Amino acid sequence: MPGEFEPHRGTWMLWPQRPDNWRNGGKPAQVAFAAVANAIAHFESVTIGVNPDQLANARHILPPQVRVVEMANNDAWMRDCGPTFVVNGQGDVRGVDWIFNAWGGLINGLYFPWDLDAAVAQKVLEIERIVCYKAPLVLEGGSIHVDGQGTCLTTEECLLSPGRNPDLTKDQIEAHLKEYLNVEKVLWIPRGVYRDETSGHVDNLCCFLRPGVIALAWTDDRSDPQYDRSSEAYDFLMAATDALGRRLEVHKIHQPQPVLISSEESEGVDVIEGTTPRQPGDRMAASYINFYFCNGGAIVPTFNDPNDRAALYKLQDLLPERQVVGIPAREILLGGGNIHCITQQQPFGKLKQRVLTTSFIAKTP
Ligand code: KQY
């Protein structure tokens with residue numbers, strides 16, 4: 001699996017609408033998703049899968065350069081139900097279709113049913129005519145990050161949670177990661193971000209900025225429940241080496257102040273049995289780390305918070321080769337995730353495909 005920071009052929013997303021997760025029938029979230037799609041489209045092509053009843057609305061709201069395709073789904077988390085794109089030894093792009101069970105199935109999943117989401121990865125791969133590898137593991141894309149050089153980051157809290165693969169040992173899960181992602185080393189961080197409803201997806205806590213270099217969600221406030229989680233992750237990463245035996249450089253990105261659901265926001269969400277409730281005063285798992293790399297850019301969530309500026313400047317310093325773009329993302333956070341969770345990169349194949357494409361273009365009159 002290439003690192004997300006490597007070149008992309010494009011980005012895949014889904015369109016939000018379910019009223020028991022997105023307030024006001026999904027309208028504010030749709031505006032936020034459109035802003036993300038528009039920002040990414042400045043750097044690379046974007047495709048959005050949309051349920052049939054929202055097709056006209058999505059086409060109306062999204063800019064013309066964003067490709068809109070009909071794709072039935074239960075909710076809008078392409079990172080988690082979409083394919084994980086990999087590149088084989090010949091340089092061909094392939095897709096891994098993990099088992100999706102809505103972040104914990106009937107044990108602690110976030111909604112039921114999830115059958116449409118479970119079919120999304122295959123549909124994306126059919127559209128792109130990419131061969132699909134069916135993996136016998138419950139896993140969402142937000143629970144892994146790779147450096148493209150043999151190292152995978154994940155959390156024990158998530159991949160060992162009872163709702164995912166209770167019949168597999170840690171070693172068996174690691175063996176699947178090694179096989180399907182072609183990694184040699186899995187770094188098991190103990191826990192993710194406080195109150196992350198995915199049971200601690202790593203993509204909200206830390207990510208590779210490039211091989212050997214990691215950005216980590218941080219707070220200096222020892223009374224914040226996030227402090228212990230970030231500290232143990234920091235200590236773990238500082239003591240670790242990657243697949244090539246390198247020590248890791250870890251950069252702390254200070255989190256926003258706790259983001260709490262307001263009464264108005266809570267009232268806008270339909271109450272349906274079996275779906276995660278959204279109560280006033282509940283803290284959401286806000287994190288600047290939940291950003292998305294695209295070709296030449298990094299699209300970073302902002303929260304109208306005093307720390308927004310520092311986070312954007314620090315990431316820009318750490319990523320001088322990219323344009324860092326902040327997008328107001330409270331409405332995405334209110335649904336339980338953020339910009340990284342709603343996007344999925346499709347990489348270029350290795351040299352062969354790019355050379356073929358270039359020579360074809362060169363010969364076309
Ligand atoms: O990857 C994510 N953070 C997705 C969260 C899903 C939340 C569903 N309500």
# chains A, B, ... in the order shown; residues from 1 in each chain; ligands from 1

$ residues_near_ligand --ligand "ligand 1" --cutoff "9 Å" --atoms "only C-alpha atoms and all ligand atoms" --output "PDB file with N, CA, C and O atoms, in the first residue's frame"
ATOM      1  N   ASP A  20     -30.520  10.422  10.930  1.00  0.00           N
ATOM      2  CA  ASP A  20     -30.225  10.007  12.305  1.00  0.00           C
ATOM      3  C   ASP A  20     -28.736  10.133  12.623  1.00  0.00           C
ATOM      4  O   ASP A  20     -28.298   9.762  13.708  1.00  0.00           O
ATOM      5  N   ASN A  21     -27.956  10.638  11.669  1.00  0.00           N
ATOM      6  CA  ASN A  21     -26.544  10.917  11.966  1.00  0.00           C
ATOM      7  C   ASN A  21     -26.180  12.365  11.653  1.00  0.00           C
ATOM      8  O   ASN A  21     -25.372  12.961  12.346  1.00  0.00           O
ATOM      9  N   TRP A  22     -26.791  12.919  10.612  1.00  0.00           N
ATOM     10  CA  TRP A  22     -26.455  14.282  10.186  1.00  0.00           C
ATOM     11  C   TRP A  22     -27.642  15.184  10.513  1.00  0.00           C
ATOM     12  O   TRP A  22     -28.768  14.881  10.141  1.00  0.00           O
ATOM     13  N   ASP A  75     -24.140   5.218   4.832  1.00  0.00           N
ATOM     14  CA  ASP A  75     -23.677   6.523   5.307  1.00  0.00           C
ATOM     15  C   ASP A  75     -22.448   6.892   4.496  1.00  0.00           C
ATOM     16  O   ASP A  75     -22.135   6.221   3.522  1.00  0.00           O
ATOM     17  N   ALA A  76     -21.747   7.931   4.913  1.00  0.00           N
ATOM     18  CA  ALA A  76     -20.879   8.643   3.986  1.00  0.00           C
ATOM     19  C   ALA A  76     -19.389   8.512   4.269  1.00  0.00           C
ATOM     20  O   ALA A  76     -18.630   9.440   3.998  1.00  0.00           O
ATOM     21  N   TRP A  77     -18.945   7.366   4.766  1.00  0.00           N
ATOM     22  CA  TRP A  77     -17.560   7.251   5.249  1.00  0.00           C
ATOM     23  C   TRP A  77     -16.713   6.419   4.285  1.00  0.00           C
ATOM     24  O   TRP A  77     -16.418   5.250   4.535  1.00  0.00           O
ATOM     25  N   MET A  78     -16.314   7.017   3.191  1.00  0.00           N
ATOM     26  CA  MET A  78     -15.582   6.282   2.148  1.00  0.00           C
ATOM     27  C   MET A  78     -14.248   5.736   2.653  1.00  0.00           C
ATOM     28  O   MET A  78     -13.778   4.690   2.191  1.00  0.00           O
ATOM     29  N   ARG A  79     -13.617   6.403   3.581  1.00  0.00           N
ATOM     30  CA  ARG A  79     -12.362   5.872   4.143  1.00  0.00           C
ATOM     31  C   ARG A  79     -12.585   4.481   4.725  1.00  0.00           C
ATOM     32  O   ARG A  79     -11.709   3.619   4.647  1.00  0.00           O
ATOM     33  N   ASP A  80     -13.742   4.296   5.315  1.00  0.00           N
ATOM     34  CA  ASP A  80     -13.961   3.085   6.102  1.00  0.00           C
ATOM     35  C   ASP A  80     -14.631   1.960   5.330  1.00  0.00           C
ATOM     36  O   ASP A  80     -14.345   0.794   5.572  1.00  0.00           O
ATOM     37  N   ALA A 102     -19.812  -1.702  10.183  1.00  0.00           N
ATOM     38  CA  ALA A 102     -20.253  -0.454  10.840  1.00  0.00           C
ATOM     39  C   ALA A 102     -19.570  -0.225  12.188  1.00  0.00           C
ATOM     40  O   ALA A 102     -20.195   0.178  13.152  1.00  0.00           O
ATOM     41  N   TRP A 103     -18.289  -0.522  12.247  1.00  0.00           N
ATOM     42  CA  TRP A 103     -17.429  -0.218  13.393  1.00  0.00           C
ATOM     43  C   TRP A 103     -17.765  -1.058  14.634  1.00  0.00           C
ATOM     44  O   TRP A 103     -17.593  -0.600  15.760  1.00  0.00           O
ATOM     45  N   GLY A 109     -21.512  -1.665  16.998  1.00  0.00           N
ATOM     46  CA  GLY A 109     -21.586  -0.951  15.723  1.00  0.00           C
ATOM     47  C   GLY A 109     -22.428   0.315  15.874  1.00  0.00           C
ATOM     48  O   GLY A 109     -23.173   0.464  16.839  1.00  0.00           O
ATOM     49  N   LEU A 110     -22.308   1.199  14.880  1.00  0.00           N
ATOM     50  CA  LEU A 110     -22.931   2.524  15.025  1.00  0.00           C
ATOM     51  C   LEU A 110     -24.282   2.632  14.347  1.00  0.00           C
ATOM     52  O   LEU A 110     -25.017   3.576  14.589  1.00  0.00           O
ATOM     53  N   TYR A 111     -24.596   1.710  13.456  1.00  0.00           N
ATOM     54  CA  TYR A 111     -25.953   1.633  12.901  1.00  0.00           C
ATOM     55  C   TYR A 111     -26.189   0.262  12.294  1.00  0.00           C
ATOM     56  O   TYR A 111     -25.254  -0.525  12.088  1.00  0.00           O
ATOM     57  N   GLU A 140     -11.634  -1.162   8.883  1.00  0.00           N
ATOM     58  CA  GLU A 140     -11.965   0.057   8.164  1.00  0.00           C
ATOM     59  C   GLU A 140     -10.673   0.798   7.832  1.00  0.00           C
ATOM     60  O   GLU A 140      -9.712   0.748   8.605  1.00  0.00           O
ATOM     61  N   GLY A 141     -10.681   1.519   6.723  1.00  0.00           N
ATOM     62  CA  GLY A 141      -9.467   2.220   6.277  1.00  0.00           C
ATOM     63  C   GLY A 141      -8.936   3.212   7.303  1.00  0.00           C
ATOM     64  O   GLY A 141      -7.730   3.483   7.344  1.00  0.00           O
ATOM     65  N   GLY A 142      -9.822   3.761   8.149  1.00  0.00           N
ATOM     66  CA  GLY A 142      -9.373   4.736   9.138  1.00  0.00           C
ATOM     67  C   GLY A 142      -8.586   4.114  10.276  1.00  0.00           C
ATOM     68  O   GLY A 142      -8.003   4.833  11.096  1.00  0.00           O
ATOM     69  N   SER A 143      -8.534   2.792  10.311  1.00  0.00           N
ATOM     70  CA  SER A 143      -7.820   2.148  11.422  1.00  0.00           C
ATOM     71  C   SER A 143      -6.379   1.810  11.065  1.00  0.00           C
ATOM     72  O   SER A 143      -5.670   1.200  11.876  1.00  0.00           O
ATOM     73  N   ASP A 196     -13.658   8.705  20.634  1.00  0.00           N
ATOM     74  CA  ASP A 196     -13.797   8.421  19.203  1.00  0.00           C
ATOM     75  C   ASP A 196     -14.733   7.226  19.071  1.00  0.00           C
ATOM     76  O   ASP A 196     -14.440   6.134  19.580  1.00  0.00           O
ATOM     77  N   GLU A 197     -15.854   7.421  18.377  1.00  0.00           N
ATOM     78  CA  GLU A 197     -16.865   6.351  18.352  1.00  0.00           C
ATOM     79  C   GLU A 197     -16.479   5.171  17.467  1.00  0.00           C
ATOM     80  O   GLU A 197     -17.190   4.176  17.401  1.00  0.00           O
ATOM     81  N   THR A 198     -15.334   5.277  16.792  1.00  0.00           N
ATOM     82  CA  THR A 198     -14.851   4.142  16.004  1.00  0.00           C
ATOM     83  C   THR A 198     -14.056   3.158  16.868  1.00  0.00           C
ATOM     84  O   THR A 198     -13.481   2.212  16.343  1.00  0.00           O
ATOM     85  N   GLY A 200     -11.310   4.152  18.529  1.00  0.00           N
ATOM     86  CA  GLY A 200      -9.895   4.529  18.472  1.00  0.00           C
ATOM     87  C   GLY A 200      -9.188   4.381  17.148  1.00  0.00           C
ATOM     88  O   GLY A 200      -8.027   3.939  17.095  1.00  0.00           O
ATOM     89  N   HIS A 201      -9.838   4.785  16.047  1.00  0.00           N
ATOM     90  CA  HIS A 201      -9.139   4.790  14.747  1.00  0.00           C
ATOM     91  C   HIS A 201      -7.835   5.582  14.835  1.00  0.00           C
ATOM     92  O   HIS A 201      -7.801   6.702  15.353  1.00  0.00           O
ATOM     93  N   ASP A 203      -6.407   7.108  12.486  1.00  0.00           N
ATOM     94  CA  ASP A 203      -6.349   8.295  11.612  1.00  0.00           C
ATOM     95  C   ASP A 203      -6.809   9.565  12.302  1.00  0.00           C
ATOM     96  O   ASP A 203      -6.666  10.652  11.752  1.00  0.00           O
ATOM     97  N   ASN A 204      -7.344   9.444  13.517  1.00  0.00           N
ATOM     98  CA  ASN A 204      -7.704  10.639  14.274  1.00  0.00           C
ATOM     99  C   ASN A 204      -6.590  11.017  15.241  1.00  0.00           C
ATOM    100  O   ASN A 204      -6.587  12.112  15.794  1.00  0.00           O
ATOM    101  N   THR A 275     -29.153   3.605  16.482  1.00  0.00           N
ATOM    102  CA  THR A 275     -28.130   4.508  15.951  1.00  0.00           C
ATOM    103  C   THR A 275     -27.546   5.311  17.125  1.00  0.00           C
ATOM    104  O   THR A 275     -28.267   5.625  18.072  1.00  0.00           O
ATOM    105  N   THR A 276     -26.235   5.635  17.034  1.00  0.00           N
ATOM    106  CA  THR A 276     -25.566   6.375  18.112  1.00  0.00           C
ATOM    107  C   THR A 276     -26.314   7.670  18.415  1.00  0.00           C
ATOM    108  O   THR A 276     -26.493   8.495  17.512  1.00  0.00           O
ATOM    109  N   ALA A 285     -14.863  13.829  19.051  1.00  0.00           N
ATOM    110  CA  ALA A 285     -13.415  13.546  19.007  1.00  0.00           C
ATOM    111  C   ALA A 285     -12.717  14.432  17.963  1.00  0.00           C
ATOM    112  O   ALA A 285     -12.261  13.955  16.924  1.00  0.00           O
ATOM    113  N   ASN A 290      -6.960  14.495  11.526  1.00  0.00           N
ATOM    114  CA  ASN A 290      -7.883  13.843  10.592  1.00  0.00           C
ATOM    115  C   ASN A 290      -7.926  14.627   9.278  1.00  0.00           C
ATOM    116  O   ASN A 290      -8.988  14.996   8.773  1.00  0.00           O
ATOM    117  N   LEU A 333     -17.539  16.661  11.833  1.00  0.00           N
ATOM    118  CA  LEU A 333     -17.251  16.112  13.165  1.00  0.00           C
ATOM    119  C   LEU A 333     -18.538  15.685  13.875  1.00  0.00           C
ATOM    120  O   LEU A 333     -18.565  14.654  14.568  1.00  0.00           O
ATOM    121  N   LEU A 334     -19.602  16.462  13.708  1.00  0.00           N
ATOM    122  CA  LEU A 334     -20.872  16.131  14.380  1.00  0.00           C
ATOM    123  C   LEU A 334     -21.416  14.780  13.925  1.00  0.00           C
ATOM    124  O   LEU A 334     -22.206  14.146  14.618  1.00  0.00           O
ATOM    125  N   GLY A 335     -20.995  14.322  12.756  1.00  0.00           N
ATOM    126  CA  GLY A 335     -21.417  13.002  12.271  1.00  0.00           C
ATOM    127  C   GLY A 335     -20.528  11.883  12.785  1.00  0.00           C
ATOM    128  O   GLY A 335     -20.807  10.701  12.554  1.00  0.00           O
ATOM    129  N   GLY A 336     -19.415  12.228  13.456  1.00  0.00           N
ATOM    130  CA  GLY A 336     -18.594  11.195  14.082  1.00  0.00           C
ATOM    131  C   GLY A 336     -17.218  10.994  13.468  1.00  0.00           C
ATOM    132  O   GLY A 336     -16.499  10.073  13.867  1.00  0.00           O
ATOM    133  N   GLY A 337     -16.834  11.816  12.525  1.00  0.00           N
ATOM    134  CA  GLY A 337     -15.500  11.646  11.938  1.00  0.00           C
ATOM    135  C   GLY A 337     -15.023  12.967  11.359  1.00  0.00           C
ATOM    136  O   GLY A 337     -15.498  14.023  11.754  1.00  0.00           O
ATOM    137  N   ASN A 338     -14.084  12.888  10.432  1.00  0.00           N
ATOM    138  CA  ASN A 338     -13.659  14.145   9.814  1.00  0.00           C
ATOM    139  C   ASN A 338     -13.133  13.934   8.396  1.00  0.00           C
ATOM    140  O   ASN A 338     -13.436  12.913   7.780  1.00  0.00           O
ATOM    141  N   ILE A 339     -12.335  14.887   7.915  1.00  0.00           N
ATOM    142  CA  ILE A 339     -12.022  14.919   6.476  1.00  0.00           C
ATOM    143  C   ILE A 339     -11.344  13.626   6.017  1.00  0.00           C
ATOM    144  O   ILE A 339     -11.639  13.103   4.943  1.00  0.00           O
ATOM    145  N   HIS A 340     -10.440  13.101   6.831  1.00  0.00           N
ATOM    146  CA  HIS A 340      -9.782  11.854   6.427  1.00  0.00           C
ATOM    147  C   HIS A 340     -10.780  10.705   6.341  1.00  0.00           C
ATOM    148  O   HIS A 340     -10.679   9.847   5.454  1.00  0.00           O
ATOM    149  N   CYS A 341     -11.752  10.703   7.233  1.00  0.00           N
ATOM    150  CA  CYS A 341     -12.740   9.603   7.272  1.00  0.00           C
ATOM    151  C   CYS A 341     -13.674   9.611   6.064  1.00  0.00           C
ATOM    152  O   CYS A 341     -14.292   8.597   5.773  1.00  0.00           O
ATOM    153  N   ILE A 342     -13.813  10.748   5.404  1.00  0.00           N
ATOM    154  CA  ILE A 342     -14.787  10.816   4.296  1.00  0.00           C
ATOM    155  C   ILE A 342     -14.106  10.743   2.928  1.00  0.00           C
ATOM    156  O   ILE A 342     -14.768  10.907   1.906  1.00  0.00           O
TER     157      ILE A 342
END

$ closest_atom_pairs --of "region 40-80 of chain A" --to "region 2-12 of chain A" --cutoff "9 Å" --atoms "only C-alpha atoms" --output "tab-separated table"
residue	atom	partner	partner_atom	distance
A:Ile40	CA	A:Thr11	CA	7.9
A:Ala41	CA	A:Thr11	CA	8.7
A:Glu44	CA	A:Gly10	CA	5.6
A:Ser45	CA	A:Gly10	CA	4.8
A:Val46	CA	A:Thr11	CA	4.8
A:Thr47	CA	A:Trp12	CA	5.0
A:Ile48	CA	A:Trp12	CA	5.9
A:Gly49	CA	A:Trp12	CA	7.7
A:Met78	CA	A:Trp12	CA	6.8
A:Arg79	CA	A:Trp12	CA	8.5

$ write_last_selection --atoms "N, CA, C and O atoms" --output "compact mmCIF listing (two decimals), in the first residue's frame"
# COMPACT_ATOMS: atom_id res chain seq x y z
N ILE A 40 -10.32 19.64 -2.64
CA ILE A 40 -9.49 18.57 -3.19
C ILE A 40 -9.41 18.69 -4.71
O ILE A 40 -8.36 18.46 -5.33
N ALA A 41 -10.54 19.08 -5.32
CA ALA A 41 -10.60 19.16 -6.79
C ALA A 41 -9.63 20.21 -7.35
O ALA A 41 -9.32 20.18 -8.54
N GLU A 44 -6.65 17.44 -7.50
CA GLU A 44 -6.77 16.15 -8.22
C GLU A 44 -8.25 15.87 -8.46
O GLU A 44 -9.13 16.55 -7.91
N SER A 45 -8.54 14.83 -9.26
CA SER A 45 -9.94 14.56 -9.59
C SER A 45 -10.66 13.91 -8.41
O SER A 45 -10.06 13.15 -7.63
N VAL A 46 -11.94 14.21 -8.29
CA VAL A 46 -12.76 13.72 -7.18
C VAL A 46 -14.01 13.06 -7.74
O VAL A 46 -14.63 13.60 -8.66
N THR A 47 -14.37 11.90 -7.18
CA THR A 47 -15.63 11.22 -7.53
C THR A 47 -16.43 11.03 -6.26
O THR A 47 -15.89 10.58 -5.24
N ILE A 48 -17.73 11.34 -6.32
CA ILE A 48 -18.59 11.17 -5.15
C ILE A 48 -19.71 10.19 -5.47
O ILE A 48 -20.43 10.36 -6.45
N GLY A 49 -19.84 9.16 -4.63
CA GLY A 49 -20.94 8.20 -4.76
C GLY A 49 -22.14 8.71 -3.98
O GLY A 49 -22.02 9.13 -2.83
N MET A 78 -16.31 7.02 3.19
CA MET A 78 -15.58 6.28 2.15
C MET A 78 -14.25 5.74 2.65
O MET A 78 -13.78 4.69 2.19
N ARG A 79 -13.62 6.40 3.58
CA ARG A 79 -12.36 5.87 4.14
C ARG A 79 -12.59 4.48 4.73
O ARG A 79 -11.71 3.62 4.65

$ closest_residue --among "A:Val300, A:Leu160, A:Leu216, A:Cys294" --to "Pro190 (chain A)" --atoms "only C-alpha atoms"
A:Leu160

$ residues_around --residues "Pro83 (chain A)" --least-positions-apart "4" --cutoff "12 Å" --atoms "only C-alpha atoms" --output "MDAnalysis selection string"
chainID A and resid 1 11:13 77:79 93:100 117:126 128 130:135 139:142 180:181 343:347

$ write_last_selection --atoms "N, CA and C atoms" --output "compact mmCIF listing (two decimals), in the first residue's frame"
# COMPACT_ATOMS: atom_id res chain seq x y z
N MET A 1 0.86 -1.20 0.00
CA MET A 1 0.00 0.00 0.00
C MET A 1 0.89 1.24 0.00
N THR A 11 -9.49 10.96 -5.88
CA THR A 11 -10.08 10.78 -4.55
C THR A 11 -11.53 10.32 -4.69
N TRP A 12 -11.92 9.41 -3.80
CA TRP A 12 -13.32 8.95 -3.73
C TRP A 12 -13.97 9.45 -2.45
N MET A 13 -15.25 9.82 -2.57
CA MET A 13 -16.03 10.22 -1.40
C MET A 13 -17.46 9.67 -1.53
N TRP A 77 -18.94 7.37 4.77
CA TRP A 77 -17.56 7.25 5.25
C TRP A 77 -16.71 6.42 4.29
N MET A 78 -16.31 7.02 3.19
CA MET A 78 -15.58 6.28 2.15
C MET A 78 -14.25 5.74 2.65
N ARG A 79 -13.62 6.40 3.58
CA ARG A 79 -12.36 5.87 4.14
C ARG A 79 -12.59 4.48 4.73
N VAL A 93 -2.48 -1.40 -10.04
CA VAL A 93 -3.27 -1.04 -8.85
C VAL A 93 -4.34 -2.11 -8.62
N ARG A 94 -4.47 -2.51 -7.37
CA ARG A 94 -5.47 -3.48 -6.95
C ARG A 94 -6.22 -2.90 -5.76
N GLY A 95 -7.40 -3.49 -5.44
CA GLY A 95 -8.15 -2.98 -4.29
C GLY A 95 -8.40 -4.07 -3.28
N VAL A 96 -8.22 -3.73 -2.00
CA VAL A 96 -8.57 -4.68 -0.94
C VAL A 96 -9.97 -4.32 -0.44
N ASP A 97 -10.84 -5.33 -0.42
CA ASP A 97 -12.20 -5.16 0.09
C ASP A 97 -12.27 -5.87 1.44
N TRP A 98 -12.13 -5.10 2.52
CA TRP A 98 -12.22 -5.66 3.87
C TRP A 98 -13.68 -5.92 4.21
N ILE A 99 -13.91 -6.68 5.26
CA ILE A 99 -15.29 -6.85 5.74
C ILE A 99 -15.66 -5.59 6.52
N PHE A 100 -16.81 -5.02 6.19
CA PHE A 100 -17.28 -3.82 6.89
C PHE A 100 -18.47 -4.18 7.77
N ASP A 117 -23.22 -0.18 2.58
CA ASP A 117 -21.82 0.23 2.78
C ASP A 117 -20.87 -0.92 2.48
N ALA A 118 -21.28 -2.12 2.89
CA ALA A 118 -20.40 -3.27 2.72
C ALA A 118 -20.15 -3.58 1.24
N ALA A 119 -21.01 -3.06 0.37
CA ALA A 119 -20.84 -3.32 -1.07
C ALA A 119 -20.10 -2.19 -1.79
N VAL A 120 -19.79 -1.11 -1.08
CA VAL A 120 -19.21 0.07 -1.73
C VAL A 120 -17.84 -0.21 -2.34
N ALA A 121 -16.98 -0.91 -1.60
CA ALA A 121 -15.60 -1.13 -2.10
C ALA A 121 -15.63 -1.82 -3.46
N GLN A 122 -16.44 -2.87 -3.53
CA GLN A 122 -16.52 -3.62 -4.79
C GLN A 122 -17.04 -2.73 -5.93
N LYS A 123 -18.00 -1.88 -5.62
CA LYS A 123 -18.57 -1.01 -6.67
C LYS A 123 -17.52 -0.02 -7.20
N VAL A 124 -16.75 0.54 -6.29
CA VAL A 124 -15.70 1.47 -6.71
C VAL A 124 -14.72 0.74 -7.64
N LEU A 125 -14.34 -0.47 -7.24
CA LEU A 125 -13.36 -1.23 -8.03
C LEU A 125 -13.93 -1.64 -9.38
N GLU A 126 -15.24 -1.95 -9.43
CA GLU A 126 -15.88 -2.28 -10.72
C GLU A 126 -15.82 -1.07 -11.65
N GLU A 128 -13.74 1.29 -11.74
CA GLU A 128 -12.36 1.54 -12.17
C GLU A 128 -11.73 0.34 -12.86
N ILE A 130 -10.71 -2.38 -11.54
CA ILE A 130 -9.54 -2.78 -10.75
C ILE A 130 -9.85 -4.10 -10.05
N VAL A 131 -8.89 -5.01 -10.12
CA VAL A 131 -9.06 -6.33 -9.50
C VAL A 131 -9.22 -6.18 -7.98
N CYS A 132 -10.14 -6.97 -7.44
CA CYS A 132 -10.50 -6.86 -6.02
C CYS A 132 -9.96 -8.07 -5.24
N TYR A 133 -9.27 -7.80 -4.14
CA TYR A 133 -8.87 -8.86 -3.21
C TYR A 133 -9.83 -8.82 -2.02
N LYS A 134 -10.58 -9.87 -1.79
CA LYS A 134 -11.49 -9.95 -0.63
C LYS A 134 -10.67 -10.37 0.58
N ALA A 135 -10.60 -9.55 1.60
CA ALA A 135 -9.81 -9.88 2.79
C ALA A 135 -10.71 -10.43 3.90
N LEU A 139 -12.27 -4.67 9.03
CA LEU A 139 -11.32 -3.55 9.14
C LEU A 139 -11.87 -2.36 8.37
N GLU A 140 -11.63 -1.16 8.88
CA GLU A 140 -11.97 0.06 8.16
C GLU A 140 -10.67 0.80 7.83
N GLY A 141 -10.68 1.52 6.72
CA GLY A 141 -9.47 2.22 6.28
C GLY A 141 -8.94 3.21 7.30
N GLY A 142 -9.82 3.76 8.15
CA GLY A 142 -9.37 4.74 9.14
C GLY A 142 -8.59 4.11 10.28
N TYR A 180 -1.98 -8.38 3.27
CA TYR A 180 -2.79 -7.57 2.34
C TYR A 180 -2.19 -6.19 2.06
N LEU A 181 -1.45 -5.64 3.03
CA LEU A 181 -0.85 -4.32 2.82
C LEU A 181 0.61 -4.42 2.39
N THR A 343 -12.80 10.51 2.92
CA THR A 343 -12.04 10.49 1.66
C THR A 343 -11.26 9.18 1.53
N GLN A 344 -10.97 8.81 0.31
CA GLN A 344 -10.14 7.61 0.07
C GLN A 344 -9.30 7.87 -1.17
N GLN A 345 -8.00 7.72 -1.04
CA GLN A 345 -7.11 7.98 -2.18
C GLN A 345 -6.99 6.77 -3.08
N GLN A 346 -6.98 7.03 -4.38
CA GLN A 346 -6.66 5.99 -5.37
C GLN A 346 -5.30 6.36 -5.95
N PRO A 347 -4.29 5.54 -5.66
CA PRO A 347 -2.94 5.91 -6.10
C PRO A 347 -2.74 5.64 -7.59

$ select_by_dssp --residues "region 85-253 of chain A" --states "strand (DSSP E or B)" --output "PyMOL selection string"
chain A and resi 85-87+93-99+132-138+145-146+151-155+185-189+206-210+213-218+241+247+249-253

$ residues_around --residues "Glu232 (chain A)" --least-positions-apart "2" --cutoff "12 Å" --atoms "only C-alpha atoms" --output "list in words"
Thr155, Trp188, Ile189, Pro190, Arg191, Gly192, Val193, Leu205, Leu216, Ala217, Trp218, Pro225, Gln226, Tyr227, Asp228, Arg229, Ser230, Tyr234, Asp235, Phe236, Leu237, Met238 and Ala239 of chain A

$ write_last_selection --atoms "N, CA and C atoms" --output "CSV table (one decimal), in the first residue's frame"
chain,number,residue,atom,x,y,z
A,155,THR,N,-4.1,0.9,16.1
A,155,THR,CA,-4.3,0.9,17.6
A,155,THR,C,-4.8,-0.4,18.0
A,188,TRP,N,1.7,-1.1,17.0
A,188,TRP,CA,0.4,-1.2,17.7
A,188,TRP,C,0.4,-0.1,18.8
A,189,ILE,N,-0.2,1.1,18.5
A,189,ILE,CA,-0.3,2.1,19.5
A,189,ILE,C,-1.5,1.7,20.4
A,190,PRO,N,-1.4,1.9,21.8
A,190,PRO,CA,-2.4,1.4,22.6
A,190,PRO,C,-3.8,1.9,22.3
A,191,ARG,N,-4.0,3.3,22.4
A,191,ARG,CA,-5.3,3.8,22.3
A,191,ARG,C,-5.4,5.0,21.3
A,192,GLY,N,-6.6,5.3,20.8
A,192,GLY,CA,-6.8,6.4,19.9
A,192,GLY,C,-7.3,7.6,20.7
A,193,VAL,N,-8.1,8.4,20.0
A,193,VAL,CA,-8.6,9.7,20.6
A,193,VAL,C,-9.8,9.4,21.5
A,205,LEU,N,-5.7,10.1,15.4
A,205,LEU,CA,-4.6,10.3,16.5
A,205,LEU,C,-3.3,10.7,15.9
A,216,LEU,N,1.2,13.9,15.6
A,216,LEU,CA,0.4,13.3,16.7
A,216,LEU,C,-0.5,14.3,17.3
A,217,ALA,N,-1.7,13.9,17.5
A,217,ALA,CA,-2.7,14.8,18.2
A,217,ALA,C,-2.2,15.0,19.7
A,218,TRP,N,-2.2,16.2,20.2
A,218,TRP,CA,-1.6,16.5,21.5
A,218,TRP,C,-2.4,17.5,22.3
A,225,PRO,N,-8.8,14.1,29.5
A,225,PRO,CA,-8.6,12.6,29.3
A,225,PRO,C,-7.8,12.2,28.1
A,226,GLN,N,-7.6,13.2,27.2
A,226,GLN,CA,-6.8,12.9,26.0
A,226,GLN,C,-5.3,12.9,26.4
A,227,TYR,N,-4.9,13.5,27.5
A,227,TYR,CA,-3.5,13.7,27.8
A,227,TYR,C,-2.8,12.3,27.9
A,228,ASP,N,-3.4,11.4,28.7
A,228,ASP,CA,-2.8,10.1,28.9
A,228,ASP,C,-2.7,9.3,27.6
A,229,ARG,N,-3.8,9.5,26.8
A,229,ARG,CA,-3.8,8.7,25.5
A,229,ARG,C,-2.7,9.2,24.6
A,230,SER,N,-2.5,10.6,24.5
A,230,SER,CA,-1.5,11.1,23.6
A,230,SER,C,-0.1,10.8,24.2
A,234,TYR,N,2.9,8.9,22.4
A,234,TYR,CA,4.2,9.6,22.1
A,234,TYR,C,5.3,8.7,22.6
A,235,ASP,N,5.2,8.2,23.9
A,235,ASP,CA,6.3,7.4,24.4
A,235,ASP,C,6.5,6.1,23.6
A,236,PHE,N,5.3,5.5,23.2
A,236,PHE,CA,5.4,4.3,22.3
A,236,PHE,C,6.2,4.6,21.0
A,237,LEU,N,5.8,5.7,20.4
A,237,LEU,CA,6.4,6.0,19.0
A,237,LEU,C,7.8,6.4,19.2
A,238,MET,N,8.2,7.1,20.2
A,238,MET,CA,9.5,7.5,20.4
A,238,MET,C,10.5,6.4,20.7
A,239,ALA,N,9.9,5.3,21.2
A,239,ALA,CA,10.7,4.1,21.5
A,239,ALA,C,10.7,3.1,20.3

$ select_by_dssp --residues "region 39-284 of chain A" --states "helix (DSSP H, G or I)" --output "ChimeraX atom specification"
/A:39-41,52-61,78-81,105-108,115-118,120-128,141-143,156-159,170-181,202-204,225-239,263-267

$ closest_residue --among "A:Gly326, A:Pro258, A:Ile289, A:Val86" --to "Asp221 (chain A)" --atoms "only C-alpha atoms"
A:Pro258
